[in-house]
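J.: Can you read through this structure? Questions will come right after.
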Amino acid sequence: MNSLTDTGGVLIIDDHLLLAESLAGLLRADGFLAEALLDHRPESVAHIVADRRPRVVLLDLDLGGGQSGLDLIPLITERGAAVVVVTGTSDELMPGRCLEAGAEAVVPKEAGPEVILDTLRTIAAGRAPLSHAARERALAELDRARQHAGVPGFAELTSSEAKTLAGLMAGHSAAAIAEIRYVSLNTVRTQIRAVLTKLEVSSQLEAVSLAFRSNWTTPADV
C-alpha cells in the first residue's frame, strides 16, 4: 500500500461528481485511500481537511460559480495537507500563482490520470513532485509579468511571444529565431505579429525600441 494511506489519503475537491468519483476509483485501485468532496465552500473545506487530515488534496482550479480553487490553497496547506492543482486553464502564469499560494504541483487536465497518479506516487515516496528548477522558472515568469504589469502590452505576451521578442532584441532574424527555438518560421512570424499587436507598434524595430526603453526583462531561458 502507498504511504499516503497511512496519513489520511487523498481528498479530491471538484464540482463534477462523475469525474471526481471516477478519479477516486482510479486512485483506490492504485492503493490510495481516496474520497471525493463536492462541497467546496471554504468553511466546509476547512472543516473537512482539519477533521479527516488528508495527506494530499487534489484540487480542481475551476470550481464553478466563479469560484477559483486558487483561493482554497492557503486554507488547505495551513491545515497540513499538500495541494496538487488539476487545471485546464490556458493562463501561462497560473502555475506560478498556484505554487506561490502553496501548491506542491500543478497538473494540466489534458495530461490524464496517469500523470496525477505519478505525482501522488512521488509524494508518497517522500520526494518533491516538481523540480526546484521548474518551480523557480514558474515563479520567475510570474514575477516578470508583475514587473511589466504597468507597461502596456508586455504583461499580455505569452511565454512564446516573449521569447520571440527577446530574440529580436538580441538581433536575430525571424528565421534565426525559428532555428534556435526549433519551431517553424510561420510560427515565429505569427508570434511577431502578436507582439506588434499587443505592444501597439507597427514594426519590429519599434517593438525592440519600446522593449529597451521600458527596461523589459528578457526571459532567462532564451
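As shown in the C-alpha cells, the chain order sets the letters A, B, ...; within each chain, residues go from 1, and ligands are also counted from 1 in the order they appear.
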If we count only C-alpha atoms, what is near Leu26 in chain A at a cut-off of 12 Å, once residues fewer than 4 positions away on the same chain are taken out, given as a PDB file with all heavy atoms, in the first residue's frame?

T.:
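So part.pdb came out as:
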ATOM      1  N   VAL A  10      -6.088  10.717   0.116  1.00  0.00           N
ATOM      2  CA  VAL A  10      -6.245  11.789  -0.857  1.00  0.00           C
ATOM      3  C   VAL A  10      -7.685  12.275  -0.864  1.00  0.00           C
ATOM      4  O   VAL A  10      -8.615  11.476  -0.983  1.00  0.00           O
ATOM      5  CB  VAL A  10      -5.873  11.305  -2.279  1.00  0.00           C
ATOM      6  CG1 VAL A  10      -5.982  12.447  -3.279  1.00  0.00           C
ATOM      7  CG2 VAL A  10      -4.478  10.712  -2.286  1.00  0.00           C
ATOM      8  N   ILE A  12     -10.303  14.645  -2.961  1.00  0.00           N
ATOM      9  CA  ILE A  12     -10.484  15.253  -4.272  1.00  0.00           C
ATOM     10  C   ILE A  12     -11.573  16.312  -4.185  1.00  0.00           C
ATOM     11  O   ILE A  12     -12.713  16.015  -3.822  1.00  0.00           O
ATOM     12  CB  ILE A  12     -10.881  14.197  -5.322  1.00  0.00           C
ATOM     13  CG1 ILE A  12      -9.825  13.093  -5.376  1.00  0.00           C
ATOM     14  CG2 ILE A  12     -11.066  14.826  -6.693  1.00  0.00           C
ATOM     15  CD1 ILE A  12     -10.279  11.858  -6.133  1.00  0.00           C
ATOM     16  N   LEU A  19     -16.626  12.941 -12.628  1.00  0.00           N
ATOM     17  CA  LEU A  19     -15.183  12.989 -12.784  1.00  0.00           C
ATOM     18  C   LEU A  19     -14.478  12.730 -11.457  1.00  0.00           C
ATOM     19  O   LEU A  19     -13.490  11.986 -11.395  1.00  0.00           O
ATOM     20  CB  LEU A  19     -14.759  14.362 -13.337  1.00  0.00           C
ATOM     21  CG  LEU A  19     -15.146  14.659 -14.788  1.00  0.00           C
ATOM     22  CD1 LEU A  19     -14.747  16.073 -15.164  1.00  0.00           C
ATOM     23  CD2 LEU A  19     -14.493  13.663 -15.734  1.00  0.00           C
ATOM     24  N   ALA A  20     -14.990  13.337 -10.389  1.00  0.00           N
ATOM     25  CA  ALA A  20     -14.366  13.180  -9.077  1.00  0.00           C
ATOM     26  C   ALA A  20     -14.445  11.737  -8.601  1.00  0.00           C
ATOM     27  O   ALA A  20     -13.459  11.173  -8.105  1.00  0.00           O
ATOM     28  CB  ALA A  20     -15.032  14.114  -8.066  1.00  0.00           C
ATOM     29  N   GLU A  21     -15.596  11.119  -8.766  1.00  0.00           N
ATOM     30  CA  GLU A  21     -15.766   9.735  -8.324  1.00  0.00           C
ATOM     31  C   GLU A  21     -14.943   8.775  -9.188  1.00  0.00           C
ATOM     32  O   GLU A  21     -14.391   7.791  -8.687  1.00  0.00           O
ATOM     33  CB  GLU A  21     -17.242   9.347  -8.358  1.00  0.00           C
ATOM     34  CG  GLU A  21     -18.107  10.051  -7.312  1.00  0.00           C
ATOM     35  CD  GLU A  21     -17.805   9.592  -5.889  1.00  0.00           C
ATOM     36  OE1 GLU A  21     -16.949   8.702  -5.709  1.00  0.00           O
ATOM     37  OE2 GLU A  21     -18.403  10.134  -4.956  1.00  0.00           O
ATOM     38  N   SER A  22     -14.865   9.056 -10.476  1.00  0.00           N
ATOM     39  CA  SER A  22     -14.056   8.206 -11.362  1.00  0.00           C
ATOM     40  C   SER A  22     -12.588   8.277 -10.970  1.00  0.00           C
ATOM     41  O   SER A  22     -11.889   7.251 -10.919  1.00  0.00           O
ATOM     42  CB  SER A  22     -14.228   8.643 -12.818  1.00  0.00           C
ATOM     43  OG  SER A  22     -15.556   8.464 -13.244  1.00  0.00           O
ATOM     44  N   ASP A  30      -5.205   1.933  -7.308  1.00  0.00           N
ATOM     45  CA  ASP A  30      -3.747   2.013  -7.266  1.00  0.00           C
ATOM     46  C   ASP A  30      -3.208   1.929  -5.836  1.00  0.00           C
ATOM     47  O   ASP A  30      -2.013   2.028  -5.617  1.00  0.00           O
ATOM     48  CB  ASP A  30      -3.284   3.320  -7.910  1.00  0.00           C
ATOM     49  CG  ASP A  30      -1.827   3.279  -8.347  1.00  0.00           C
ATOM     50  OD1 ASP A  30      -1.510   2.473  -9.237  1.00  0.00           O
ATOM     51  OD2 ASP A  30      -1.020   4.035  -7.772  1.00  0.00           O
ATOM     52  N   GLY A  31      -4.111   1.771  -4.859  1.00  0.00           N
ATOM     53  CA  GLY A  31      -3.669   1.594  -3.489  1.00  0.00           C
ATOM     54  C   GLY A  31      -3.812   2.783  -2.583  1.00  0.00           C
ATOM     55  O   GLY A  31      -3.418   2.741  -1.417  1.00  0.00           O
ATOM     56  N   PHE A  32      -4.391   3.868  -3.086  1.00  0.00           N
ATOM     57  CA  PHE A  32      -4.573   5.065  -2.274  1.00  0.00           C
ATOM     58  C   PHE A  32      -5.949   5.057  -1.604  1.00  0.00           C
ATOM     59  O   PHE A  32      -6.932   4.607  -2.206  1.00  0.00           O
ATOM     60  CB  PHE A  32      -4.464   6.323  -3.131  1.00  0.00           C
ATOM     61  CG  PHE A  32      -3.104   6.572  -3.701  1.00  0.00           C
ATOM     62  CD1 PHE A  32      -2.810   6.221  -5.005  1.00  0.00           C
ATOM     63  CD2 PHE A  32      -2.109   7.153  -2.933  1.00  0.00           C
ATOM     64  CE1 PHE A  32      -1.563   6.450  -5.538  1.00  0.00           C
ATOM     65  CE2 PHE A  32      -0.858   7.387  -3.462  1.00  0.00           C
ATOM     66  CZ  PHE A  32      -0.575   7.031  -4.768  1.00  0.00           C
ATOM     67  N   LEU A  33      -6.012   5.588  -0.411  1.00  0.00           N
ATOM     68  CA  LEU A  33      -7.304   5.935   0.163  1.00  0.00           C
ATOM     69  C   LEU A  33      -7.735   7.228  -0.512  1.00  0.00           C
ATOM     70  O   LEU A  33      -6.985   8.208  -0.501  1.00  0.00           O
ATOM     71  CB  LEU A  33      -7.193   6.143   1.679  1.00  0.00           C
ATOM     72  CG  LEU A  33      -6.913   4.904   2.524  1.00  0.00           C
ATOM     73  CD1 LEU A  33      -6.741   5.300   3.979  1.00  0.00           C
ATOM     74  CD2 LEU A  33      -8.035   3.891   2.379  1.00  0.00           C
ATOM     75  N   ALA A  34      -8.901   7.267  -1.108  1.00  0.00           N
ATOM     76  CA  ALA A  34      -9.324   8.446  -1.849  1.00  0.00           C
ATOM     77  C   ALA A  34     -10.800   8.702  -1.647  1.00  0.00           C
ATOM     78  O   ALA A  34     -11.611   7.768  -1.622  1.00  0.00           O
ATOM     79  CB  ALA A  34      -9.033   8.273  -3.342  1.00  0.00           C
ATOM     80  N   GLU A  35     -11.133   9.978  -1.524  1.00  0.00           N
ATOM     81  CA  GLU A  35     -12.518  10.378  -1.308  1.00  0.00           C
ATOM     82  C   GLU A  35     -12.784  11.666  -2.068  1.00  0.00           C
ATOM     83  O   GLU A  35     -11.938  12.572  -2.096  1.00  0.00           O
ATOM     84  CB  GLU A  35     -12.759  10.601   0.188  1.00  0.00           C
ATOM     85  CG  GLU A  35     -14.169  11.044   0.536  1.00  0.00           C
ATOM     86  CD  GLU A  35     -14.346  11.299   2.020  1.00  0.00           C
ATOM     87  OE1 GLU A  35     -13.388  11.069   2.785  1.00  0.00           O
ATOM     88  OE2 GLU A  35     -15.436  11.753   2.413  1.00  0.00           O
ATOM     89  N   ALA A  36     -13.954  11.758  -2.696  1.00  0.00           N
ATOM     90  CA  ALA A  36     -14.337  12.957  -3.435  1.00  0.00           C
ATOM     91  C   ALA A  36     -15.152  13.882  -2.541  1.00  0.00           C
ATOM     92  O   ALA A  36     -16.006  13.439  -1.767  1.00  0.00           O
ATOM     93  CB  ALA A  36     -15.150  12.583  -4.671  1.00  0.00           C
ATOM     94  N   GLY A 112      -3.901  13.751 -18.238  1.00  0.00           N
ATOM     95  CA  GLY A 112      -4.502  12.456 -17.977  1.00  0.00           C
ATOM     96  C   GLY A 112      -4.247  11.938 -16.574  1.00  0.00           C
ATOM     97  O   GLY A 112      -3.368  12.422 -15.856  1.00  0.00           O
ATOM     98  N   PRO A 113      -5.009  10.924 -16.165  1.00  0.00           N
ATOM     99  CA  PRO A 113      -4.926  10.403 -14.791  1.00  0.00           C
ATOM    100  C   PRO A 113      -3.585   9.774 -14.445  1.00  0.00           C
ATOM    101  O   PRO A 113      -3.197   9.768 -13.281  1.00  0.00           O
ATOM    102  CB  PRO A 113      -6.055   9.373 -14.733  1.00  0.00           C
ATOM    103  CG  PRO A 113      -6.339   9.010 -16.153  1.00  0.00           C
ATOM    104  CD  PRO A 113      -6.074  10.246 -16.939  1.00  0.00           C
ATOM    105  N   GLU A 114      -2.878   9.225 -15.417  1.00  0.00           N
ATOM    106  CA  GLU A 114      -1.606   8.579 -15.095  1.00  0.00           C
ATOM    107  C   GLU A 114      -0.590   9.588 -14.560  1.00  0.00           C
ATOM    108  O   GLU A 114       0.225   9.256 -13.684  1.00  0.00           O
ATOM    109  CB  GLU A 114      -1.041   7.875 -16.332  1.00  0.00           C
ATOM    110  CG  GLU A 114       0.163   6.999 -16.042  1.00  0.00           C
ATOM    111  CD  GLU A 114      -0.122   5.907 -15.013  1.00  0.00           C
ATOM    112  OE1 GLU A 114      -1.247   5.362 -15.006  1.00  0.00           O
ATOM    113  OE2 GLU A 114       0.783   5.610 -14.218  1.00  0.00           O
ATOM    114  N   ILE A 116      -1.380  12.268 -12.862  1.00  0.00           N
ATOM    115  CA  ILE A 116      -1.819  12.527 -11.485  1.00  0.00           C
ATOM    116  C   ILE A 116      -1.329  11.419 -10.564  1.00  0.00           C
ATOM    117  O   ILE A 116      -0.808  11.673  -9.471  1.00  0.00           O
ATOM    118  CB  ILE A 116      -3.352  12.643 -11.425  1.00  0.00           C
ATOM    119  CG1 ILE A 116      -3.818  13.878 -12.216  1.00  0.00           C
ATOM    120  CG2 ILE A 116      -3.834  12.739  -9.971  1.00  0.00           C
ATOM    121  CD1 ILE A 116      -5.326  14.017 -12.309  1.00  0.00           C
ATOM    122  N   LEU A 117      -1.478  10.166 -11.010  1.00  0.00           N
ATOM    123  CA  LEU A 117      -1.011   9.032 -10.213  1.00  0.00           C
ATOM    124  C   LEU A 117       0.504   9.101  -9.978  1.00  0.00           C
ATOM    125  O   LEU A 117       0.978   8.869  -8.858  1.00  0.00           O
ATOM    126  CB  LEU A 117      -1.366   7.723 -10.905  1.00  0.00           C
ATOM    127  CG  LEU A 117      -2.826   7.274 -10.795  1.00  0.00           C
ATOM    128  CD1 LEU A 117      -3.095   6.118 -11.739  1.00  0.00           C
ATOM    129  CD2 LEU A 117      -3.154   6.866  -9.361  1.00  0.00           C
TER     130      LEU A 117
END

J.: Run DSSP on the backbone and tell me which residues of range 63-110 of chain A come out as helix (DSSP H, G or I); list them as a PyMOL selection string.

T.: chain A and resi 69-77+94-101+109-110

J.: Going by DSSP on the backbone, which residues of range 13-218 of chain A come out as strand (DSSP E or B)? List them as a PyMOL selection string.

T.: chain A and resi 13+34-37+56-60+62+68+82-87+105-108

J.: Which residues come within 12 Å of Asp118 in chain A, counting only C-alpha atoms, excluding same-chain residues fewer than 6 positions away, as a list in words?

T.: Asn2, Leu27, Asp30, Val84, Ala105, Val107, Ala111, Gly112, Ala124, Ala125, Arg127, Ala128, Pro129 and Leu130 of chain A

J.: Include C-alpha atoms and write out the residues we just selected as a tab-separated table (two decimals), in the first residue's frame.

T.:
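Saved as part.tsv:
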chain	number	residue	atom	x	y	z
A	2	ASN	CA	1.20	3.55	-0.66
A	27	LEU	CA	-6.70	6.13	-7.04
A	30	ASP	CA	-3.75	2.01	-7.27
A	84	VAL	CA	-1.85	19.24	-6.17
A	105	ALA	CA	2.46	20.80	-8.16
A	107	VAL	CA	-1.09	19.13	-13.39
A	111	ALA	CA	-2.17	15.23	-19.10
A	112	GLY	CA	-4.50	12.46	-17.98
A	124	ALA	CA	4.09	9.08	-1.32
A	125	ALA	CA	7.76	8.24	-1.78
A	127	ARG	CA	10.04	13.23	-2.98
A	128	ALA	CA	9.14	16.65	-4.33
A	129	PRO	CA	6.77	16.29	-7.31
A	130	LEU	CA	8.27	19.34	-9.02

J.: Could you pull the residues within 12 Å of Leu63 in chain A, counting only C-alpha atoms, minus those fewer than 2 positions along the same chain, as a list in words?

T.: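 In the requested form, the answer reads Ile12, Ile13, Asp14, Asp15, His16, Leu17, Ala20, Leu37, Leu38, Asp39, His40, Arg41, Pro42, Leu59, Asp60, Leu61, Gly65, Gly66, Gln67, Ser68, Gly69, Leu70, Asp71, Leu72, Val85, Val86, Thr87 and Gly88 of chain A.
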
J.: In Å, with one decimal, what is the gap from CA of Leu23 in chain A to CA of Ala134 in chain A?

T.: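 Between these atoms lies a distance of 26.0 Å.
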
J.: Would you compute the distance between CA of Leu11 in chain A and CA of Ala29 in chain A? Give it in Å to one decimal.

T.: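 Going from CA of Leu11 in chain A over to CA of Ala29 in chain A covers 15.0 Å.
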
J.: With distances taken over only C-alpha atoms, which residue among A:Ala170, A:Ile48, A:Val57, A:Ala194 lies nearest Thr119 in chain A?

T.: A:Val57

J.: Distance CA of Thr217 in chain A-CA of Ala166 in chain A, one decimal place?

T.: 8.6 Å

J.: Contacts of range 177-188 of chain A at 9 Å or less, counting only C-alpha atoms, minus same-chain residues fewer than 4 places along, as an MDAnalysis selection string?

T.: chainID A and resid 160:161 163:164 167:168 172:173 192:193 222

J.: Under the rule of at most 10 Å, produce a per-residue listing of range 19-131 of chain A near range 154-159 of chain A: chain, number, name, the closest pair of atoms, and the distance in Å, as JSON lines, using only C-alpha atoms.

T.:
{"residue": "A:Asp91", "atom": "CA", "partner": "A:Thr158", "partner_atom": "CA", "distance": 8.8}
{"residue": "A:Glu92", "atom": "CA", "partner": "A:Thr158", "partner_atom": "CA", "distance": 7.1}
{"residue": "A:Leu93", "atom": "CA", "partner": "A:Thr158", "partner_atom": "CA", "distance": 9.0}

J.: Would you mind listing what lies within 10 Å of Pro74 in chain A as a PyMOL selection string, with only C-alpha atoms counted and same-chain residues fewer than 2 positions away left out?

T.: chain A and resi 70-72+76-79+81+83+98+100-103

J.: Considering only C-alpha atoms, return as a PyMOL selection string whatever protein or nucleic-acid residues lie within 9 Å of Glu206 in chain A, sequence-local ones (same chain, fewer than 5 positions apart) excluded.

T.: chain A and resi 196+201+211

J.: Quick one: write out the picked residues with N, CA, C and O atoms as a PDB file, in the first residue's frame?

T.:
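File produced: again_9.pdb:
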ATOM      1  N   LEU A 196       3.595  42.721 -32.068  1.00  0.00           N
ATOM      2  CA  LEU A 196       3.340  44.066 -32.604  1.00  0.00           C
ATOM      3  C   LEU A 196       1.948  44.542 -32.215  1.00  0.00           C
ATOM      4  O   LEU A 196       1.751  45.713 -31.846  1.00  0.00           O
ATOM      5  N   VAL A 201       2.520  48.629 -31.833  1.00  0.00           N
ATOM      6  CA  VAL A 201       3.538  49.226 -32.685  1.00  0.00           C
ATOM      7  C   VAL A 201       3.384  48.623 -34.078  1.00  0.00           C
ATOM      8  O   VAL A 201       2.707  47.616 -34.262  1.00  0.00           O
ATOM      9  N   ALA A 211      10.834  47.930 -26.037  1.00  0.00           N
ATOM     10  CA  ALA A 211      11.275  46.986 -25.018  1.00  0.00           C
ATOM     11  C   ALA A 211      12.502  47.503 -24.275  1.00  0.00           C
ATOM     12  O   ALA A 211      12.580  47.435 -23.040  1.00  0.00           O
TER      13      ALA A 211
END

J.: Closest to Pro95 in chain A among A:Ala24, A:Gly9, A:Pro108, A:Ser202, using only C-alpha atoms?

T.: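 Residue with the minimum atom-to-atom distance to Pro95 in chain A: A:Pro108.
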